[in-house]
file upload.txt (compact mmCIF, C-alpha atoms)
# COMPACT_ATOMS: atom_id res chain seq x y z
CA MET A 15 0.00 0.00 0.00
CA VAL A 16 1.34 3.42 -0.94
CA SER A 17 1.82 5.61 2.10
CA ARG A 18 0.10 8.95 2.29
CA VAL A 19 1.98 12.26 2.42
CA ARG A 20 0.87 14.89 4.90
CA VAL A 21 1.68 18.47 3.82
CA TRP A 22 1.18 21.71 5.76
CA LEU A 23 0.91 25.22 4.25
CA ASN A 24 0.98 28.11 6.74
CA ARG A 25 -0.70 31.46 6.11
CA THR A 26 -0.20 31.20 2.39
CA TYR A 27 -1.71 33.13 -0.51
CA ALA A 28 -5.28 32.34 -1.55
CA GLU A 29 -4.10 31.37 -5.03
CA ASN A 30 -2.23 28.42 -3.52
CA VAL A 31 -5.47 26.46 -3.50
CA PHE A 32 -4.17 25.46 -6.95
CA PHE A 33 -0.85 24.36 -5.40
CA MET A 34 -2.93 22.07 -3.18
CA ASP A 35 -4.90 20.77 -6.16
CA GLN A 36 -1.68 19.83 -7.94
CA LEU A 37 -0.38 17.94 -4.93
CA ARG A 38 -3.54 15.85 -4.81
CA SER A 39 -3.49 15.19 -8.57
CA ASN A 40 0.14 14.10 -8.57
CA PRO A 41 1.21 11.75 -11.41
CA HIS A 42 2.05 8.93 -8.98
CA ALA A 43 -1.48 8.84 -7.54
CA ARG A 44 0.10 9.15 -4.09
CA PRO A 45 -2.43 9.96 -1.38
CA VAL A 46 -1.87 13.51 -0.12
CA GLU A 47 -3.57 15.10 2.85
CA ILE A 48 -3.20 18.81 3.41
CA HIS A 49 -3.21 20.80 6.63
CA ALA A 50 -3.56 24.57 6.45
CA THR A 51 -3.34 27.40 8.96
CA HIS A 52 -4.21 31.04 8.46
CA GLY A 53 -5.12 34.19 10.32
CA ASP A 54 -8.18 34.80 8.14
CA PRO A 55 -11.06 32.37 8.76
CA ASP A 56 -12.42 33.17 5.29
CA SER A 57 -9.25 32.15 3.45
CA PRO A 58 -10.18 29.65 0.72
CA VAL A 59 -6.97 27.80 1.61
CA LEU A 60 -8.59 26.72 4.89
CA ALA A 61 -11.68 25.44 3.12
CA ALA A 62 -9.60 23.54 0.56
CA ALA A 63 -7.54 21.74 3.21
CA ASP A 64 -8.35 18.39 4.82
CA THR A 65 -7.69 19.85 8.28
CA ALA A 66 -7.19 23.44 9.33
CA GLU A 67 -6.63 25.74 12.28
CA LEU A 68 -6.66 29.47 12.83
CA GLU A 69 -3.22 30.80 13.66
CA PRO A 70 -2.61 32.76 16.85
CA GLU A 71 -1.86 36.42 16.24
CA GLY A 72 1.07 38.42 17.55
CA LEU A 73 3.58 35.61 17.97
CA SER A 74 7.25 36.53 17.77
CA PRO A 75 9.30 34.55 15.23
CA ALA A 76 10.70 32.39 18.05
CA ALA A 77 7.23 31.73 19.49
CA TYR A 78 5.93 30.95 16.01
CA VAL A 79 8.65 28.30 15.57
CA GLU A 80 7.38 26.62 18.75
CA PHE A 81 3.83 26.79 17.42
CA ALA A 82 4.99 25.26 14.14
CA LEU A 83 6.91 22.43 15.80
CA ASP A 84 3.82 21.57 17.81
CA GLN A 85 1.67 21.56 14.66
CA CYS A 86 4.08 19.26 12.86
CA GLN A 87 4.33 16.78 15.70
CA ARG A 88 0.64 16.77 16.58
CA ARG A 89 -0.59 16.64 12.98
CA GLY A 90 2.00 14.15 11.72
CA ILE A 91 3.32 16.53 9.05
CA ASP A 92 5.73 15.01 6.53
CA VAL A 93 6.46 18.19 4.54
CA PHE A 94 6.02 21.77 5.78
CA VAL A 95 5.83 24.59 3.20
CA PRO A 96 6.36 27.77 5.28
CA ARG A 97 5.64 31.27 4.06
CA LEU A 98 5.16 33.27 7.27
CA HIS A 99 8.42 33.49 9.29
CA GLN A 100 10.20 31.41 6.66
CA ALA A 101 13.72 32.39 7.75
CA ALA A 102 13.11 31.70 11.44
CA ILE A 103 11.61 28.31 10.63
CA ALA A 104 14.42 27.38 8.23
CA ALA A 105 16.97 28.14 10.95
CA HIS A 106 15.45 25.28 13.00
CA ARG A 107 15.49 22.70 10.20
CA GLU A 108 17.09 20.01 12.39
CA GLU A 109 14.44 20.40 15.08
CA PHE A 110 11.71 19.87 12.49
CA ARG A 111 13.58 16.88 11.11
CA ALA A 112 13.68 15.44 14.64
CA VAL A 113 9.87 15.38 14.77
CA GLY A 114 9.70 13.77 11.30
CA THR A 115 9.05 16.88 9.20
CA ALA A 116 11.00 18.00 6.14
CA LEU A 117 11.02 21.74 5.38
CA LEU A 118 10.28 22.78 1.82
CA ALA A 119 12.27 26.01 2.16
CA PRO A 120 15.77 27.27 1.36
CA PRO A 121 18.46 27.56 4.05
CA ALA A 122 17.88 30.45 6.45
CA GLU A 123 21.02 32.21 5.16
CA ALA A 124 19.62 32.34 1.62
CA VAL A 125 16.26 33.64 2.84
CA HIS A 126 17.96 36.42 4.84
CA VAL A 127 19.86 37.68 1.77
CA PHE A 128 16.64 38.40 -0.11
CA GLU A 129 14.65 39.88 2.78
CA ASP A 130 16.41 43.19 2.09
CA LYS A 131 16.29 44.22 -1.58
CA VAL A 132 19.34 46.49 -1.42
CA THR A 133 21.49 43.84 0.25
CA ALA A 134 20.29 41.38 -2.37
CA TYR A 135 21.21 43.67 -5.26
CA GLN A 136 24.68 44.17 -3.81
CA ALA A 137 25.18 40.42 -3.46
CA LEU A 138 23.89 39.71 -6.97
CA GLU A 139 26.42 41.96 -8.65
CA ALA A 140 29.14 39.50 -7.61
CA LEU A 141 27.33 36.74 -9.54
CA ASP A 142 27.11 38.83 -12.72
CA VAL A 143 23.33 38.95 -12.47
CA PRO A 144 22.24 42.24 -14.10
CA VAL A 145 20.46 44.69 -11.80
CA PRO A 146 19.09 48.19 -12.51
CA PRO A 147 20.52 51.37 -10.99
CA TYR A 148 19.30 51.66 -7.40
CA TYR A 149 19.55 53.94 -4.40
CA ARG A 150 18.92 53.28 -0.73
CA VAL A 151 17.04 56.28 0.64
CA ARG A 152 16.64 57.16 4.32
CA CYS A 153 15.23 60.72 4.18
CA ALA A 154 13.51 63.29 1.97
CA ASP A 155 16.73 64.91 0.73
CA GLU A 156 18.17 61.54 -0.35
CA LEU A 157 14.93 60.79 -2.18
CA VAL A 158 15.10 64.05 -4.13
CA THR A 159 18.73 63.39 -5.08
CA ALA A 160 17.95 59.86 -6.29
CA VAL A 161 14.92 60.98 -8.30
CA GLU A 162 16.86 63.83 -9.94
CA GLU A 163 19.72 61.52 -10.93
CA LEU A 164 17.34 58.99 -12.48
CA GLU A 165 15.40 61.69 -14.31
CA ALA A 166 18.66 63.15 -15.63
CA GLY A 167 19.26 59.75 -17.24
CA GLY A 168 15.87 59.85 -18.92
CA HIS A 169 14.10 57.52 -16.48
CA ARG A 170 10.95 57.78 -14.41
CA ALA A 171 11.69 57.03 -10.75
CA CYS A 172 9.77 54.66 -8.53
CA PHE A 173 10.24 53.43 -4.99
CA LYS A 174 9.18 50.69 -2.58
CA PRO A 175 10.21 49.55 0.89
CA ALA A 176 13.66 47.97 0.96
CA ALA A 177 12.07 45.08 2.87
CA GLY A 178 8.63 43.95 1.81
CA ALA A 179 6.65 41.68 -0.47
CA GLY A 180 3.66 41.61 -2.75
CA GLY A 181 4.11 45.11 -4.18
CA VAL A 182 3.12 46.75 -0.88
CA GLY A 183 4.28 50.38 -0.79
CA PHE A 184 5.22 50.57 -4.48
CA ARG A 185 4.83 54.07 -5.92
CA VAL A 186 5.84 55.84 -9.14
CA VAL A 187 7.10 59.41 -8.79
CA THR A 188 5.57 62.11 -10.95
CA ARG A 189 6.25 65.83 -11.22
CA ASP A 190 2.61 66.57 -11.99
CA PRO A 191 0.92 68.50 -9.15
CA PHE A 192 -1.96 66.86 -7.34
CA SER A 193 -5.16 67.84 -9.10
CA ILE A 194 -8.71 66.74 -9.86
CA THR A 195 -7.33 64.25 -12.40
CA HIS A 196 -6.00 62.20 -9.47
CA LEU A 197 -9.55 61.89 -8.15
CA ARG A 198 -11.02 60.50 -11.34
CA GLY A 199 -11.02 56.84 -12.27
CA PHE A 200 -9.30 54.19 -10.21
CA PRO A 201 -6.48 54.95 -7.72
CA SER A 202 -3.05 54.66 -9.31
CA PRO A 203 0.48 54.19 -7.96
CA TYR A 204 1.54 57.61 -9.31
CA VAL A 205 2.28 60.16 -6.59
CA PRO A 206 3.63 63.73 -6.90
CA LEU A 207 7.19 64.11 -5.66
CA GLU A 208 6.34 67.19 -3.60
CA LEU A 209 3.73 65.25 -1.61
CA VAL A 210 6.17 62.43 -0.89
CA VAL A 211 8.85 64.88 0.26
CA GLU A 212 6.35 66.69 2.48
CA ALA A 213 5.15 63.44 4.03
CA LEU A 214 8.69 62.27 4.75
CA ARG A 215 9.67 65.57 6.38
CA GLU A 216 6.52 65.74 8.49
CA ALA A 217 6.97 62.16 9.65
CA GLY A 218 10.21 63.09 11.36
CA GLU A 219 11.52 59.55 11.23
CA GLU A 220 13.97 57.65 9.10
CA VAL A 221 12.59 55.54 6.26
CA ASP A 222 14.18 52.72 4.30
CA LEU A 223 13.28 52.90 0.62
CA LEU A 224 14.70 51.41 -2.57
CA VAL A 225 14.55 53.96 -5.40
CA MET A 226 15.10 52.78 -8.96
CA PRO A 227 13.94 53.46 -12.53
CA ARG A 228 10.47 52.32 -13.52
CA LEU A 229 11.26 49.15 -15.48
CA GLU A 230 9.50 48.26 -18.71
CA GLN A 231 7.56 45.19 -19.79
CA PRO A 232 7.70 42.36 -20.48
CA GLU A 233 8.02 41.04 -16.96
CA VAL A 234 9.34 37.50 -16.78
CA SER A 235 8.94 35.43 -13.61
CA VAL A 236 11.24 32.41 -13.69
CA ASP A 237 9.99 29.57 -11.51
CA CYS A 238 12.95 27.54 -10.28
CA LEU A 239 13.29 24.19 -8.56
CA VAL A 240 16.67 23.47 -6.95
CA ALA A 241 17.49 20.18 -5.25
CA PRO A 242 19.11 20.14 -1.79
CA ASP A 243 22.36 19.17 -3.57
CA GLY A 244 22.32 22.65 -5.13
CA ARG A 245 21.54 21.51 -8.69
CA LEU A 246 18.81 23.18 -10.71
CA ARG A 247 16.06 20.77 -11.73
CA MET A 248 13.64 23.22 -13.38
CA ALA A 249 13.62 26.79 -14.68
CA VAL A 250 10.71 28.05 -16.77
CA GLY A 251 9.83 31.69 -17.38
CA ARG A 252 6.28 32.99 -17.25
CA THR A 253 5.95 36.16 -19.34
CA LYS A 254 3.64 39.06 -18.51
CA ASN A 255 2.94 41.81 -21.00
CA GLY A 256 -0.21 43.69 -20.11
CA ARG A 257 -3.05 41.17 -19.87
CA ARG A 258 -1.22 38.59 -21.99
CA ARG A 259 0.67 35.75 -20.32
CA GLY A 260 2.95 33.13 -21.86
CA PHE A 261 6.04 30.99 -21.29
CA THR A 262 9.70 31.22 -22.29
CA LEU A 263 12.95 29.26 -22.11
CA ASN A 264 14.98 32.16 -23.52
CA PRO A 265 18.51 32.04 -22.00
CA ALA A 266 18.41 35.82 -21.50
CA TRP A 267 16.03 35.16 -18.60
CA ILE A 268 16.82 31.56 -17.68
CA GLU A 269 20.62 31.76 -17.34
CA PRO A 270 20.77 34.61 -14.78
CA ALA A 271 17.98 32.90 -12.86
CA ARG A 272 19.99 29.67 -12.84
CA ARG A 273 23.13 31.46 -11.62
CA LEU A 274 21.16 33.12 -8.87
CA ALA A 275 19.20 30.06 -7.71
CA GLU A 276 22.23 27.77 -7.69
CA GLY A 277 24.68 30.41 -6.45
CA PHE A 278 22.61 31.29 -3.38
CA GLY A 279 21.33 27.79 -2.72
CA LEU A 280 17.65 28.62 -3.18
CA HIS A 281 16.64 25.04 -2.52
CA TYR A 282 13.19 23.83 -3.53
CA LEU A 283 10.87 26.40 -5.11
CA SER A 284 11.70 30.04 -5.77
CA ASN A 285 10.56 32.74 -8.17
CA ILE A 286 12.96 35.21 -9.79
CA GLN A 287 11.47 38.25 -11.53
CA PHE A 288 13.00 40.28 -14.35
CA ARG A 289 11.98 43.33 -16.35
CA MET A 290 13.60 45.38 -19.07
CA TYR A 291 16.05 48.23 -18.45
CA GLY A 292 16.44 49.63 -21.94
CA GLU A 293 17.33 46.62 -24.08
CA GLN A 294 18.65 44.50 -21.19
CA PRO A 295 16.73 42.16 -18.87
CA VAL A 296 17.53 43.07 -15.25
CA LEU A 297 16.52 41.58 -11.95
CA MET A 298 13.47 43.08 -10.29
CA ASP A 299 12.79 40.82 -7.30
CA VAL A 300 13.44 37.38 -5.79
CA ASN A 301 10.88 35.33 -3.88
CA THR A 302 12.32 32.49 -1.80
CA ARG A 303 8.95 30.72 -1.83
CA PRO A 304 6.64 29.20 -4.44
CA ALA A 305 4.97 31.85 -6.58
CA GLY A 306 1.21 32.20 -6.49
CA GLY A 307 1.12 31.59 -10.24
CA LEU A 308 3.26 28.44 -10.12
CA HIS A 309 0.28 26.26 -11.03
CA GLN A 310 0.18 27.96 -14.45
CA LEU A 311 3.12 25.72 -15.45
CA SER A 312 0.57 22.92 -15.72
CA LEU A 313 -0.10 24.36 -19.19
CA CYS A 314 3.43 23.16 -20.01
CA GLY A 315 2.79 19.71 -18.59
CA LEU A 316 4.65 20.34 -15.31
CA ASN A 317 3.62 19.62 -11.73
CA ALA A 318 6.29 21.58 -9.86
CA PRO A 319 4.65 21.40 -6.39
CA TRP A 320 4.72 17.60 -6.43
CA ALA A 321 8.32 17.46 -7.68
CA ALA A 322 9.33 19.77 -4.82
CA VAL A 323 7.58 17.54 -2.28
CA GLN A 324 9.40 14.54 -3.73
CA LEU A 325 12.73 16.29 -3.23
CA ALA A 326 11.80 17.17 0.35
CA LEU A 327 11.01 13.49 0.97
CA GLY A 328 14.41 12.46 -0.39
CA GLU A 329 13.00 11.16 -3.68
CA ASP A 330 14.39 12.09 -7.09
CA PRO A 331 11.90 13.53 -9.60
CA GLY A 332 14.63 13.95 -12.21
CA GLU A 333 14.94 17.04 -14.36
CA LEU A 334 11.68 18.81 -15.11
CA LEU A 335 11.52 19.82 -18.76
CA PRO A 336 8.34 21.27 -20.27
CA ALA A 337 6.52 18.78 -22.47
CA ARG A 338 5.50 21.87 -24.43
CA LEU A 339 5.43 25.62 -24.02
CA GLY A 340 1.75 26.22 -23.42
CA PRO A 341 -0.37 28.73 -25.34
CA ASP A 342 -0.62 32.39 -24.35
CA TYR A 343 -3.38 33.02 -21.85
CA ALA A 344 -4.95 35.60 -19.53
CA VAL A 345 -5.62 35.39 -15.79
CA VAL A 346 -9.20 35.94 -14.62
CA SER A 347 -10.87 35.88 -11.21
CA GLY A 348 -12.94 32.91 -10.13
CA THR A 349 -14.86 31.56 -7.16
CA ARG A 350 -13.67 29.16 -4.52
CA ALA A 351 -15.56 27.61 -1.62
CA VAL A 352 -15.27 29.04 1.89
CA ARG A 353 -16.95 28.05 5.13
CA PRO A 354 -19.29 30.33 7.11
CA VAL A 355 -17.57 29.22 10.33
CA ALA A 356 -14.19 29.83 11.87
CA LEU A 357 -12.73 26.52 10.69
CA PRO A 358 -13.53 24.12 7.87
CA HIS A 359 -14.87 20.67 8.57
CA GLN A 360 -12.29 18.21 9.88
CA ARG A 361 -12.10 14.95 7.94
CA PRO A 362 -13.36 12.10 10.16
CA ASP A 363 -10.35 9.91 9.39
CA VAL A 364 -7.84 12.56 10.50
CA PRO A 365 -7.69 13.03 14.29
CA ALA A 366 -7.91 16.54 15.64
CA VAL A 367 -8.07 18.06 19.10
CA ALA A 368 -11.75 18.34 19.95
CA ALA A 369 -11.47 21.93 21.09
CA GLU A 370 -10.10 22.90 17.69
CA ALA A 371 -12.71 21.20 15.52
CA VAL A 372 -15.67 23.34 14.54
CA ALA A 373 -18.48 21.77 12.58
CA PRO A 374 -19.86 23.77 9.64
CA GLY A 375 -23.20 25.43 10.12
CA PRO A 376 -26.35 24.69 8.12
CA GLY A 377 -25.95 25.20 4.41
CA ALA A 378 -22.17 25.40 4.59
CA ALA A 379 -21.55 23.13 1.62
CA GLY A 380 -23.03 25.56 -0.89
CA GLN A 381 -21.17 28.66 0.21
CA VAL A 382 -18.71 30.25 -2.20
CA ASP A 383 -16.60 33.37 -1.96
CA THR A 384 -17.33 35.59 -4.94
CA ARG A 385 -14.43 37.94 -4.20
CA PRO A 386 -11.40 37.71 -6.50
CA LEU A 387 -8.58 35.54 -5.21
CA ALA A 388 -5.56 37.44 -3.95
CA LEU A 389 -2.56 37.18 -6.27
CA ALA A 390 1.01 36.68 -5.09
call {"tool": "encode", "arguments": {"input": "upload.txt", "output": "structure tokens"}}
result
Amino acid sequence: MVSRVRVWLNRTYAENVFFMDQLRSNPHARPVEIHATHGDPDSPVLAAADTAELEPEGLSPAAYVEFALDQCQRRGIDVFVPRLHQAAIAAHREEFRAVGTALLAPPAEAVHVFEDKVTAYQALEALDVPVPPYYRVRCADELVTAVEELEAGGHRACFKPAAGAGGVGFRVVTRDPFSITHLRGFPSPYVPLELVVEALREAGEEVDLLVMPRLEQPEVSVDCLVAPDGRLRMAVGRTKNGRRRGFTLNPAWIEPARRLAEGFGLHYLSNIQFRMYGEQPVLMDVNTRPAGGLHQLSLCGLNAPWAAVQLALGEDPGELLPARLGPDYAVVSGTRAVRPVALPHQRPDVPAVAAEAVAPGPGAAGQVDTRPLALA
């Protein structure tokens, strides 16, 4: 009898319901049971899991590690895919191994490099990975200097927090004064320089911003799979140009991604994003976790989540080569079931602490969330 695999995803993106689907539909027909935890009781990830719990709020990284170790031991987790507090968890890999859990995450040292975008850019230059011009800005005067230098080179400046994820805090600097045009239509990332300078000076505190030129499309996100031995097993680019999406194996994108993923030991799944700086592809960002759009590689005949789980279990999936480069496509919102209670139904064949199990209320089975899924 083929043994089941028990996988846990913690506080992950809503789009990773598709990651879960791919694990269950793995080509080896291996039974997979999924545990999920989240801070939002309405996350579709909780409803899609076999068992689920709400996460406690306000835990320090160290306290969260203790929470995670308890989850793994109590739930019999074989493979843990951490997103929240990834670096802190990875630093305790041996403790998780001692309770029978493999971490599907890079070494803590690799995660730390890419938590700070400026530090990452500095490290990448040594690997000959092309990066755009960039400035670390701590105050209003430094911001003005950086913007003026970029504009003198014919570029439009943008900025974002030096540490952050998901595009939070991204803004594009404009010289246009704030006017009624900013109040029409949908909110945009464009913000007048004078308002940013005023806000920084009034705040009276140091900031930590990365200022760089606004990079052009196409954007190419290279999904990588690196084995624990440091060897790349998969690298496929997903192209984004406006609404249109596609795939590429062009060495202009794949080779720098390979150098980066292997050079920094980004074991298991990572996502490396490039855009154009003039005629040259340059690095935009590095995610040391599976991308929310990873499941789109199924259009190329690839099941990257399952191959990563195999590697975590000490199995060899071989090299993952696309059976085909799938057709161009667009991403649209859809619906996914949620539960009208704090926790989804616990499967009867999976034990759970009674105090944690909450039965769904009447009519729960037909409930769907009509809000768009959050994208990574």
call {"tool": "residues_near_point", "arguments": {"input": "upload.txt", "point": "(16.1, 41.1, -16.8)", "cutoff": "8 Å", "atoms": "all atoms listed in the file", "output": "list in words"}}
result
Pro144, Val145, Val234, Ala266, Trp267, Gln287, Phe288, Arg289, Met290, Tyr291, Gln294, Pro295, Val296, Leu297 and Met298 of chain A
call {"tool": "residues_around", "arguments": {"input": "upload.txt", "residues": "Val143 of chain A", "least_positions_apart": "2", "cutoff": "8 Å", "atoms": "all atoms listed in the file", "output": "number ranges by chain"}}
result
A: 138-141, 145, 270, 273-274, 296-297
call {"tool": "atom_distance", "arguments": {"input": "upload.txt", "atom1": "atom CA of Gly178 of chain A", "atom2": "atom CA of Glu129 of chain A"}}
result
7.3 Å
call {"tool": "residues_around", "arguments": {"input": "upload.txt", "residues": "segment 96-103 of chain A", "least_positions_apart": "3", "cutoff": "6 Å", "atoms": "only C-alpha atoms", "output": "CSV table (one decimal) with C-alpha atoms, keeping the file's coordinate frame"}}
result
chain,number,residue,atom,x,y,z
A,24,ASN,CA,1.0,28.1,6.7
A,79,VAL,CA,8.6,28.3,15.6
A,106,HIS,CA,15.4,25.3,13.0
A,122,ALA,CA,17.9,30.4,6.4
A,125,VAL,CA,16.3,33.6,2.8
call {"tool": "residues_around", "arguments": {"input": "upload.txt", "residues": "Arg44 of chain A", "least_positions_apart": "6", "cutoff": "10 Å", "atoms": "only C-alpha atoms", "output": "PyMOL selection string"}}
result
chain A and resi 16-19+37-38+320
call {"tool": "residues_near_point", "arguments": {"input": "upload.txt", "point": "(12.9, 25.6, -9.6)", "cutoff": "7 Å", "atoms": "only C-alpha atoms", "output": "MDAnalysis selection string"}}
result
chainID A and resid 237:240 246:249 282:284
call {"tool": "closest_residue", "arguments": {"input": "upload.txt", "among": "A:Arg215, A:Arg245, A:Arg259, A:Arg170", "to": "Leu229 of chain A", "atoms": "all atoms listed in the file"}}
result
A:Arg170
call {"tool": "build_atoms", "arguments": {"input": "upload.txt", "residues": "segment 50-78 of chain A", "atoms": "N, CA and C atoms", "output": "compact mmCIF listing (two decimals), keeping the file's coordinate frame"}}
result
# COMPACT_ATOMS: atom_id res chain seq x y z
N ALA A 50 -3.77 23.15 6.72
CA ALA A 50 -3.56 24.57 6.45
C ALA A 50 -3.84 25.37 7.71
N THR A 51 -3.08 26.44 7.89
CA THR A 51 -3.34 27.40 8.96
C THR A 51 -3.32 28.79 8.37
N HIS A 52 -4.11 29.68 8.97
CA HIS A 52 -4.21 31.04 8.46
C HIS A 52 -4.76 31.94 9.55
N GLY A 53 -4.54 33.23 9.39
CA GLY A 53 -5.12 34.19 10.32
C GLY A 53 -6.51 34.64 9.92
N ASP A 54 -6.89 34.37 8.67
CA ASP A 54 -8.18 34.80 8.14
C ASP A 54 -9.11 33.59 8.04
N PRO A 55 -10.18 33.54 8.82
CA PRO A 55 -11.06 32.37 8.76
C PRO A 55 -11.76 32.20 7.42
N ASP A 56 -11.78 33.25 6.60
CA ASP A 56 -12.42 33.17 5.29
C ASP A 56 -11.44 32.85 4.17
N SER A 57 -10.20 32.53 4.49
CA SER A 57 -9.25 32.15 3.45
C SER A 57 -9.72 30.88 2.76
N PRO A 58 -9.79 30.88 1.43
CA PRO A 58 -10.18 29.65 0.72
C PRO A 58 -9.19 28.51 0.92
N VAL A 59 -7.96 28.84 1.33
CA VAL A 59 -6.97 27.80 1.61
C VAL A 59 -7.45 26.91 2.76
N LEU A 60 -8.08 27.50 3.77
CA LEU A 60 -8.59 26.72 4.89
C LEU A 60 -9.69 25.77 4.43
N ALA A 61 -10.57 26.27 3.59
CA ALA A 61 -11.68 25.44 3.12
C ALA A 61 -11.20 24.32 2.21
N ALA A 62 -10.10 24.55 1.50
CA ALA A 62 -9.60 23.54 0.56
C ALA A 62 -8.79 22.45 1.26
N ALA A 63 -8.39 22.69 2.50
CA ALA A 63 -7.54 21.74 3.21
C ALA A 63 -8.37 20.60 3.79
N ASP A 64 -7.70 19.51 4.14
CA ASP A 64 -8.35 18.39 4.82
C ASP A 64 -8.55 18.70 6.30
N THR A 65 -7.58 19.35 6.92
CA THR A 65 -7.69 19.85 8.28
C THR A 65 -7.14 21.25 8.32
N ALA A 66 -7.61 22.04 9.28
CA ALA A 66 -7.19 23.44 9.33
C ALA A 66 -7.32 23.99 10.73
N GLU A 67 -6.55 25.02 11.02
CA GLU A 67 -6.63 25.74 12.28
C GLU A 67 -6.40 27.22 12.01
N LEU A 68 -6.99 28.05 12.85
CA LEU A 68 -6.66 29.47 12.83
C LEU A 68 -5.34 29.67 13.57
N GLU A 69 -4.51 30.54 13.02
CA GLU A 69 -3.22 30.80 13.66
C GLU A 69 -3.37 31.85 14.75
N PRO A 70 -2.63 31.70 15.83
CA PRO A 70 -2.61 32.76 16.85
C PRO A 70 -1.93 34.00 16.30
N GLU A 71 -2.42 35.16 16.71
CA GLU A 71 -1.86 36.42 16.24
C GLU A 71 -0.81 36.92 17.23
N GLY A 72 0.13 37.72 16.71
CA GLY A 72 1.07 38.42 17.55
C GLY A 72 2.23 37.61 18.07
N LEU A 73 2.46 36.42 17.52
CA LEU A 73 3.58 35.61 17.97
C LEU A 73 4.89 36.18 17.43
N SER A 74 5.91 36.19 18.25
CA SER A 74 7.25 36.53 17.77
C SER A 74 7.74 35.41 16.87
N PRO A 75 8.77 35.65 16.05
CA PRO A 75 9.30 34.55 15.23
C PRO A 75 9.67 33.33 16.06
N ALA A 76 10.30 33.53 17.22
CA ALA A 76 10.70 32.39 18.05
C ALA A 76 9.48 31.63 18.57
N ALA A 77 8.45 32.37 19.00
CA ALA A 77 7.23 31.73 19.49
C ALA A 77 6.51 31.01 18.35
N TYR A 78 6.59 31.59 17.14
CA TYR A 78 5.93 30.95 16.01
C TYR A 78 6.62 29.63 15.67
